[in-house]
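**Student:** Structure incoming, see below.
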Amino acid sequence: GVEVFYERVLSSEQSRHLWGLRAGLGYMNFEAESSMPAGLQGSRDHELDADILYSMIGPFYEHRFTDRFYAQMSAGLAVAYVDAQLSTDSSGSGITDSESDSDFLFGAYVSAAIGYDIAPHCSLLGGIRYQYMDQFEISNGLTRATLDSDGAYQLFVGLRWAF
């Protein structure tokens with residue numbers, strides 16, 4: 001996926017202890033396929049395709065160890081919009097079914113990261129995020145799928161650009 005975020009520093013920028021507000025917007029795509037035997041009639045193939053657009057907002061704290069090396073912690077609220085399609089095809093019997101559904105999910109996150117300034121306004125940033133979100137369920141009459149991000153961990157790496 002991809003994520004863009006904005007940070008507004010609310011403390012003195014001359015301090016080694018920075019704090020402020022962080023807001024982010026991101027997109028990811030989730031795809032899953034499975035096949036199960038369906039008795040003498042062949043197999044039943046399932047495909048789930050979900051587009052997830054999410055937003056996060058919360059405070060952050062950043063500690064500058066040196067002029068270039070820093071650590072950052074953030075926590076806050078998250079909301080996601082999920083648009084998914086579930087398809088089922090039973091080979092041998094010719095039975096197929098498909099369903100589309102969308103929903104808003106709500107949750108929270110906590111993240112920790114480290115960064116290194118490679119230029120005056122650009123740094124490399126990497127870390128880990130723990131995220132909790134409501135469950136998303138979709139059913140097409142033949143199959144039911146659940147996206148459960150209760151306790152999901154995400155690793156991230158990226159560039160941070162200061163204006």
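FYI, nothing fancy with the structure tokens labels: chains A, B, ... in order, residues from 1 per chain, ligands from 1 as they appear.
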Give me the residues near Gln131 (chain A) as a ChimeraX atom specification, where near means some atom within 10 Å (using only C-alpha atoms) and where sequence neighbours in that chain fewer than 3 positions away do not count.

**Tutor:** /A:75-78,107-111,128,149-154

**Student:** Output N, CA and C atoms of each residue in that selection to a file, as an mmCIF file, in the first residue's frame.

**Tutor:**
data_model
loop_
_atom_site.group_PDB
_atom_site.id
_atom_site.type_symbol
_atom_site.label_atom_id
_atom_site.label_comp_id
_atom_site.auth_asym_id
_atom_site.auth_seq_id
_atom_site.Cartn_x
_atom_site.Cartn_y
_atom_site.Cartn_z
ATOM 1 N N ALA A 75 0.081 7.678 18.410
ATOM 2 C CA ALA A 75 -1.110 6.879 18.715
ATOM 3 C C ALA A 75 -2.319 7.714 18.334
ATOM 4 N N GLY A 76 -3.420 7.047 18.025
ATOM 5 C CA GLY A 76 -4.611 7.814 17.675
ATOM 6 C C GLY A 76 -5.744 6.960 17.164
ATOM 7 N N LEU A 77 -6.654 7.629 16.490
ATOM 8 C CA LEU A 77 -7.859 7.001 15.960
ATOM 9 C C LEU A 77 -7.702 6.733 14.467
ATOM 10 N N ALA A 78 -8.408 5.700 13.997
ATOM 11 C CA ALA A 78 -8.350 5.334 12.581
ATOM 12 C C ALA A 78 -9.755 5.034 12.072
ATOM 13 N N GLY A 107 -11.377 2.252 14.423
ATOM 14 C CA GLY A 107 -10.398 1.619 15.291
ATOM 15 C C GLY A 107 -9.385 2.598 15.835
ATOM 16 N N ALA A 108 -8.233 2.056 16.217
ATOM 17 C CA ALA A 108 -7.154 2.843 16.809
ATOM 18 C C ALA A 108 -5.807 2.249 16.386
ATOM 19 N N TYR A 109 -4.740 3.026 16.588
ATOM 20 C CA TYR A 109 -3.396 2.572 16.231
ATOM 21 C C TYR A 109 -2.364 3.099 17.227
ATOM 22 N N VAL A 110 -1.228 2.413 17.277
ATOM 23 C CA VAL A 110 -0.046 2.842 18.016
ATOM 24 C C VAL A 110 1.139 2.517 17.125
ATOM 25 N N SER A 111 2.072 3.461 16.972
ATOM 26 C CA SER A 111 3.237 3.178 16.127
ATOM 27 C C SER A 111 4.517 3.694 16.768
ATOM 28 N N ILE A 128 7.111 0.200 13.023
ATOM 29 C CA ILE A 128 6.061 -0.794 13.161
ATOM 30 C C ILE A 128 4.808 -0.121 13.711
ATOM 31 N N SER A 149 -8.864 -7.336 11.314
ATOM 32 C CA SER A 149 -7.592 -6.672 11.602
ATOM 33 C C SER A 149 -7.474 -6.357 13.086
ATOM 34 N N ASP A 150 -8.086 -7.187 13.917
ATOM 35 C CA ASP A 150 -7.953 -7.069 15.359
ATOM 36 C C ASP A 150 -6.563 -7.564 15.748
ATOM 37 N N GLY A 151 -5.678 -6.639 16.040
ATOM 38 C CA GLY A 151 -4.319 -7.020 16.395
ATOM 39 C C GLY A 151 -3.403 -7.144 15.207
ATOM 40 N N ALA A 152 -3.603 -6.357 14.167
ATOM 41 C CA ALA A 152 -2.759 -6.408 12.972
ATOM 42 C C ALA A 152 -1.499 -5.562 13.170
ATOM 43 N N TYR A 153 -0.369 -6.107 12.729
ATOM 44 C CA TYR A 153 0.895 -5.375 12.763
ATOM 45 C C TYR A 153 1.293 -5.036 11.338
ATOM 46 N N GLN A 154 1.806 -3.818 11.155
ATOM 47 C CA GLN A 154 2.287 -3.385 9.842
ATOM 48 C C GLN A 154 3.704 -2.858 9.984
#

**Student:** Pick out the closest residue to Ala119 (chain A) from this set: A:Phe156, A:Trp161, A:Ser91, A:Met133. Count only C-alpha atoms.

**Tutor:**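 Nearest to Ala119 (chain A): A:Trp161.
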
**Student:** Using only C-alpha atoms, which of A:Gly26, A:Gly20, A:Gly127, A:Gly1 sits nearest Phe60 (chain A)?

**Tutor:**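 Checking each of A:Gly26, A:Gly20, A:Gly127, A:Gly1 against Phe60 (chain A), counting only C-alpha atoms, the winner is A:Gly20.
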
**Student:** What does the structure give for the distance between CA of Asn29 (chain A) and CA of Gly126 (chain A), in Å to one decimal?

**Tutor:**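 Separating CA of Asn29 (chain A) from CA of Gly126 (chain A) is a distance of 20.8 Å.
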
**Student:** Residues near Glu99 (chain A), anyone? I mean within 12 Å using only C-alpha atoms, not counting same-chain ones fewer than 6 positions away, as a PyMOL selection string.

**Tutor:** chain A and resi 46-50+83-88+137-145

**Student:** Would you work out the distance separating CA of Gln72 (chain A) from CA of Gly115 (chain A), expressed in Å to one decimal?

**Tutor:**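 Here the two named atoms are 8.0 Å from each other.
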
**Student:** Residues of chain A in strand (DSSP E) according to DSSP, as an MDAnalysis selection string?

**Tutor:** chainID A and resid 2:9 17:37 43:64 69:90 95:119 122:133 136:139 144:147 152:161

**Student:** Report, in Å with one decimal, the straight-line distance from CA of Gly158 (chain A) to CA of Ile57 (chain A).

**Tutor:**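 We find that CA of Gly158 (chain A) and CA of Ile57 (chain A) lie 18.3 Å from each other.
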
**Student:** Which polymer residues have any atom within 10 Å of an atom of region 9-12 of chain A, counting only C-alpha atoms, with same-chain residues fewer than 3 positions away left out, as a count of residues only?

**Tutor:** 13

**Student:** Here is a test: counting only C-alpha atoms, which residue of A:Gln135, A:Thr146, A:Ser55, A:Ser123 is nearest to Ala71 (chain A)?

**Tutor:** A:Ser123

**Student:** Given only C-alpha atoms as the basis, pick out the residue of A:Glu13, A:Asp134, A:Asp89, A:Glu3 nearest to Tyr27 (chain A).

**Tutor:**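 For Tyr27 (chain A), the nearest of the candidates is A:Glu3.
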
**Student:** For Phe5 (chain A), which residue out of A:Arg160, A:Arg44, A:Arg68, A:Arg129 is the nearest one, using only C-alpha atoms?

**Tutor:** A:Arg160
